[in-house]
Amino acid sequence: MTDTEGFIRENTVAAVPVMVPEVRLLLATEITPIWQATEDWLAERNIAPPFWAFAWPGSQALARHVLDNPGLVAGKRVLDFAAGGGLAAIACMMAGAAWAETAEIDRLADAATVMNAELNGVSLRLGGDVVGQDCRWDVIVTGDVCYEAATAGHIMPWLRRMARTAEVWMADPGRAYLPKEGMEAFGEYVVPTTRELEDREERRVVLYRVLP
């Protein structure tokens with residue numbers, strides 16, 4: 001077991017997201033301890049905060065939609081952008097995708113994704129930072145990425161370019177920097193959450209198709 005794998009196993013348990021009981025993930029049961037543990041790691045290894053250790057509302061809504069509508073991804077090449085622990089990508093593989101790739105810039109998230117994929121008997125590709133690359137996917141899914149102006153400004157032009165040749169779906173739980181135009185709603189889910197992660201006990205997540 002590597003140092004990274006050991007850290008993940010020590011700070012998570014295998015659990016199921018409330019909206020997606022078909023999938024098992026290594027999740028943090030308490031927020032403060034893993035955040036503090038990762039801050040200690042961060043000081044030594046330049047590791048990002050543990051966003052991968054939680055099943056965020058956007059990813060849960062995407063995974064639920066895919067599992068309930070497998071024909072949308074069956075046989076297709078899928079990218080789970082800003083994938084965290086890989087929940088949406090795993091759901092796409094379970095729904096019959098030809099292959100699924102995750103895009104993350106955090107190596108702990110990549111390690112957690114590999115471990116989560118193994119828990120569910122699927123294989124995923126790790127894509128790293130894909131912003132700026134040419135499109136090699138049929139479907140791109142992404143959840144909850146418009147929480148900061150700088151982040152939205154960096155990724156949205158690329159996602160719109162991808163939308164010229166691929167389906168691009170964004171799940172948004174009401175973040176401030178979601179674009180007001182060029183977004184076509186096609187689904188909605190109410191996802192239970194925790195006040196440790198959010199400012200309320202449930203989030204209304206809207207699924208949008210990003211237009212070119």
# chains A, B, ... in the order shown; residues from 1 in each chain; ligands from 1
$ closest_atom_pairs --of "range 103-155 of chain A" --to "range 73-91 of chain A" --cutoff "8 Å" --atoms "only C-alpha atoms" --output "tab-separated table"
residue	atom	partner	partner_atom	distance
A:Ala103	CA	A:Phe81	CA	4.8
A:Glu104	CA	A:Ala82	CA	5.2
A:Ala109	CA	A:Gly84	CA	5.6
A:Asp110	CA	A:Gly85	CA	7.2
A:Ala112	CA	A:Gly85	CA	5.6
A:Thr113	CA	A:Gly85	CA	4.6
A:Asn116	CA	A:Gly85	CA	7.0
A:Ala117	CA	A:Ile90	CA	6.4
A:Asn120	CA	A:Ile90	CA	7.6
A:Val122	CA	A:Ile90	CA	6.9
A:Leu124	CA	A:Ala89	CA	7.4
A:Arg136	CA	A:Arg77	CA	7.7
A:Trp137	CA	A:Arg77	CA	5.0
A:Asp138	CA	A:Arg77	CA	5.2
A:Val139	CA	A:Val78	CA	4.9
A:Ile140	CA	A:Leu79	CA	4.7
A:Val141	CA	A:Asp80	CA	5.1
A:Thr142	CA	A:Phe81	CA	4.9
A:Gly143	CA	A:Ala82	CA	7.4
A:Val145	CA	A:Ala82	CA	7.4
$ write_last_selection --atoms "N, CA and C atoms" --output "PDB file, in the first residue's frame"
ATOM      1  N   ALA A 103     -11.028  13.807 -15.075  1.00  0.00           N
ATOM      2  CA  ALA A 103     -10.112  14.951 -15.142  1.00  0.00           C
ATOM      3  C   ALA A 103     -10.021  15.584 -13.764  1.00  0.00           C
ATOM      4  N   GLU A 104      -8.836  15.551 -13.194  1.00  0.00           N
ATOM      5  CA  GLU A 104      -8.579  16.126 -11.880  1.00  0.00           C
ATOM      6  C   GLU A 104      -7.140  16.634 -11.843  1.00  0.00           C
ATOM      7  N   ALA A 109      -7.098  12.907  -5.275  1.00  0.00           N
ATOM      8  CA  ALA A 109      -8.375  12.597  -5.933  1.00  0.00           C
ATOM      9  C   ALA A 109      -8.187  11.475  -6.939  1.00  0.00           C
ATOM     10  N   ASP A 110      -7.094  11.506  -7.708  1.00  0.00           N
ATOM     11  CA  ASP A 110      -6.831  10.426  -8.661  1.00  0.00           C
ATOM     12  C   ASP A 110      -6.696   9.091  -7.944  1.00  0.00           C
ATOM     13  N   ALA A 112      -7.917   8.246  -5.007  1.00  0.00           N
ATOM     14  CA  ALA A 112      -9.224   7.858  -4.486  1.00  0.00           C
ATOM     15  C   ALA A 112     -10.123   7.331  -5.609  1.00  0.00           C
ATOM     16  N   THR A 113     -10.022   7.940  -6.783  1.00  0.00           N
ATOM     17  CA  THR A 113     -10.817   7.486  -7.925  1.00  0.00           C
ATOM     18  C   THR A 113     -10.466   6.054  -8.305  1.00  0.00           C
ATOM     19  N   ASN A 116     -11.918   3.820  -5.653  1.00  0.00           N
ATOM     20  CA  ASN A 116     -13.378   3.752  -5.768  1.00  0.00           C
ATOM     21  C   ASN A 116     -13.802   2.895  -6.961  1.00  0.00           C
ATOM     22  N   ALA A 117     -13.080   3.031  -8.061  1.00  0.00           N
ATOM     23  CA  ALA A 117     -13.390   2.207  -9.233  1.00  0.00           C
ATOM     24  C   ALA A 117     -13.237   0.727  -8.902  1.00  0.00           C
ATOM     25  N   ASN A 120     -16.067  -0.822  -7.093  1.00  0.00           N
ATOM     26  CA  ASN A 120     -17.270  -1.045  -7.894  1.00  0.00           C
ATOM     27  C   ASN A 120     -17.033  -1.931  -9.115  1.00  0.00           C
ATOM     28  N   VAL A 122     -15.101  -1.569 -11.754  1.00  0.00           N
ATOM     29  CA  VAL A 122     -14.952  -0.928 -13.060  1.00  0.00           C
ATOM     30  C   VAL A 122     -13.537  -0.370 -13.184  1.00  0.00           C
ATOM     31  N   LEU A 124     -11.298   2.941 -14.806  1.00  0.00           N
ATOM     32  CA  LEU A 124     -11.387   4.311 -15.303  1.00  0.00           C
ATOM     33  C   LEU A 124     -10.024   4.777 -15.810  1.00  0.00           C
ATOM     34  N   ARG A 136     -11.987  14.450 -27.381  1.00  0.00           N
ATOM     35  CA  ARG A 136     -11.894  13.027 -27.720  1.00  0.00           C
ATOM     36  C   ARG A 136     -13.045  12.246 -27.068  1.00  0.00           C
ATOM     37  N   TRP A 137     -14.087  12.979 -26.653  1.00  0.00           N
ATOM     38  CA  TRP A 137     -15.186  12.364 -25.917  1.00  0.00           C
ATOM     39  C   TRP A 137     -16.504  12.591 -26.643  1.00  0.00           C
ATOM     40  N   ASP A 138     -17.454  11.712 -26.369  1.00  0.00           N
ATOM     41  CA  ASP A 138     -18.821  11.879 -26.869  1.00  0.00           C
ATOM     42  C   ASP A 138     -19.690  12.639 -25.876  1.00  0.00           C
ATOM     43  N   VAL A 139     -19.419  12.418 -24.587  1.00  0.00           N
ATOM     44  CA  VAL A 139     -20.193  13.047 -23.511  1.00  0.00           C
ATOM     45  C   VAL A 139     -19.218  13.547 -22.452  1.00  0.00           C
ATOM     46  N   ILE A 140     -19.420  14.781 -21.997  1.00  0.00           N
ATOM     47  CA  ILE A 140     -18.648  15.339 -20.885  1.00  0.00           C
ATOM     48  C   ILE A 140     -19.638  15.702 -19.786  1.00  0.00           C
ATOM     49  N   VAL A 141     -19.382  15.211 -18.575  1.00  0.00           N
ATOM     50  CA  VAL A 141     -20.234  15.549 -17.433  1.00  0.00           C
ATOM     51  C   VAL A 141     -19.391  16.278 -16.399  1.00  0.00           C
ATOM     52  N   THR A 142     -19.983  17.245 -15.745  1.00  0.00           N
ATOM     53  CA  THR A 142     -19.266  17.971 -14.702  1.00  0.00           C
ATOM     54  C   THR A 142     -20.259  18.492 -13.679  1.00  0.00           C
ATOM     55  N   GLY A 143     -19.883  18.455 -12.427  1.00  0.00           N
ATOM     56  CA  GLY A 143     -20.785  18.867 -11.366  1.00  0.00           C
ATOM     57  C   GLY A 143     -20.210  19.965 -10.498  1.00  0.00           C
ATOM     58  N   VAL A 145     -19.070  23.226 -10.661  1.00  0.00           N
ATOM     59  CA  VAL A 145     -17.761  23.821 -10.952  1.00  0.00           C
ATOM     60  C   VAL A 145     -17.794  25.346 -11.051  1.00  0.00           C
TER      61      VAL A 145
END
$ closest_residue --among "A:Arg164, A:Gly58, A:Ile8, A:Val205" --to "Arg107 in chain A" --atoms "only C-alpha atoms"
A:Ile8
$ residues_around --residues "range 20-23 of chain A" --least-positions-apart "6" --cutoff "7 Å" --atoms "only C-alpha atoms" --output "ChimeraX atom specification"
/A:60,63-64,120
$ atom_distance --atom1 "CA of Pro179 in chain A" --atom2 "CA of Asp68 in chain A"
26.9 Å
$ select_by_dssp --residues "range 75-200 of chain A" --states "strand (DSSP E or B)" --output "PyMOL selection string"
chain A and resi 77-81+99-103+125-126+139-143+167-172+183-192
$ write_last_selection --atoms "C-alpha atoms" --output "tab-separated table (two decimals), in the first residue's frame"
chain	number	residue	atom	x	y	z
A	77	ARG	CA	-16.64	7.81	-24.57
A	78	VAL	CA	-17.20	9.85	-21.41
A	79	LEU	CA	-15.23	12.49	-19.51
A	80	ASP	CA	-16.03	13.23	-15.86
A	81	PHE	CA	-14.56	16.73	-15.54
A	99	TRP	CA	-14.84	3.99	-21.42
A	100	ALA	CA	-14.80	6.82	-18.92
A	101	GLU	CA	-12.00	9.23	-18.15
A	102	THR	CA	-11.68	11.49	-15.11
A	103	ALA	CA	-10.11	14.95	-15.14
A	125	ARG	CA	-8.82	6.35	-17.21
A	126	LEU	CA	-7.08	9.23	-15.42
A	139	VAL	CA	-20.19	13.05	-23.51
A	140	ILE	CA	-18.65	15.34	-20.89
A	141	VAL	CA	-20.23	15.55	-17.43
A	142	THR	CA	-19.27	17.97	-14.70
A	143	GLY	CA	-20.79	18.87	-11.37
A	167	GLU	CA	-22.72	16.53	-25.31
A	168	VAL	CA	-21.65	18.63	-22.30
A	169	TRP	CA	-23.76	18.35	-19.14
A	170	MET	CA	-23.29	20.49	-16.06
A	171	ALA	CA	-25.00	19.82	-12.74
A	172	ASP	CA	-25.34	22.99	-10.69
A	183	MET	CA	-27.30	26.84	-20.71
A	184	GLU	CA	-30.27	24.56	-21.46
A	185	ALA	CA	-31.91	22.88	-18.45
A	186	PHE	CA	-33.00	19.27	-18.96
A	187	GLY	CA	-33.34	17.75	-15.50
A	188	GLU	CA	-33.70	18.52	-11.81
A	189	TYR	CA	-32.99	16.62	-8.58
A	190	VAL	CA	-33.35	17.47	-4.91
A	191	VAL	CA	-30.29	16.04	-3.17
A	192	PRO	CA	-30.11	15.66	0.63
$ select_by_dssp --residues "range 99-181 of chain A" --states "helix (DSSP H, G or I)" --output "list of chain:residue names"
A:Arg107, A:Leu108, A:Ala109, A:Asp110, A:Ala111, A:Ala112, A:Thr113, A:Val114, A:Met115, A:Asn116, A:Ala117, A:Glu118, A:Leu119, A:Ala149, A:Ala150, A:Thr151, A:Ala152, A:Gly153, A:His154, A:Ile155, A:Met156, A:Pro157, A:Trp158, A:Leu159, A:Arg160, A:Arg161, A:Met162
$ write_last_selection --atoms "C-alpha atoms" --output "short mmCIF file (atom, residue, chain, number, x, y, z; two decimals), in the first residue's frame"
data_model
loop_
_atom_site.label_atom_id
_atom_site.label_comp_id
_atom_site.auth_asym_id
_atom_site.auth_seq_id
_atom_site.Cartn_x
_atom_site.Cartn_y
_atom_site.Cartn_z
CA ARG A 107 -3.28 13.40 -7.13
CA LEU A 108 -5.12 12.36 -3.96
CA ALA A 109 -8.38 12.60 -5.93
CA ASP A 110 -6.83 10.43 -8.66
CA ALA A 111 -5.78 7.83 -6.09
CA ALA A 112 -9.22 7.86 -4.49
CA THR A 113 -10.82 7.49 -7.92
CA VAL A 114 -8.76 4.38 -8.69
CA MET A 115 -9.69 2.88 -5.32
CA ASN A 116 -13.38 3.75 -5.77
CA ALA A 117 -13.39 2.21 -9.23
CA GLU A 118 -11.97 -1.00 -7.80
CA LEU A 119 -14.67 -1.02 -5.12
CA ALA A 149 -15.49 33.47 -10.73
CA ALA A 150 -11.92 32.58 -11.69
CA THR A 151 -12.72 28.89 -12.02
CA ALA A 152 -15.82 29.49 -14.12
CA GLY A 153 -13.94 31.95 -16.31
CA HIS A 154 -11.17 29.43 -16.89
CA ILE A 155 -13.25 26.38 -17.79
CA MET A 156 -16.40 27.69 -19.48
CA PRO A 157 -14.80 28.79 -22.78
CA TRP A 158 -13.21 25.35 -23.12
CA LEU A 159 -16.45 23.53 -22.25
CA ARG A 160 -18.31 25.58 -24.85
CA ARG A 161 -15.71 24.61 -27.43
CA MET A 162 -16.15 20.96 -26.44
#
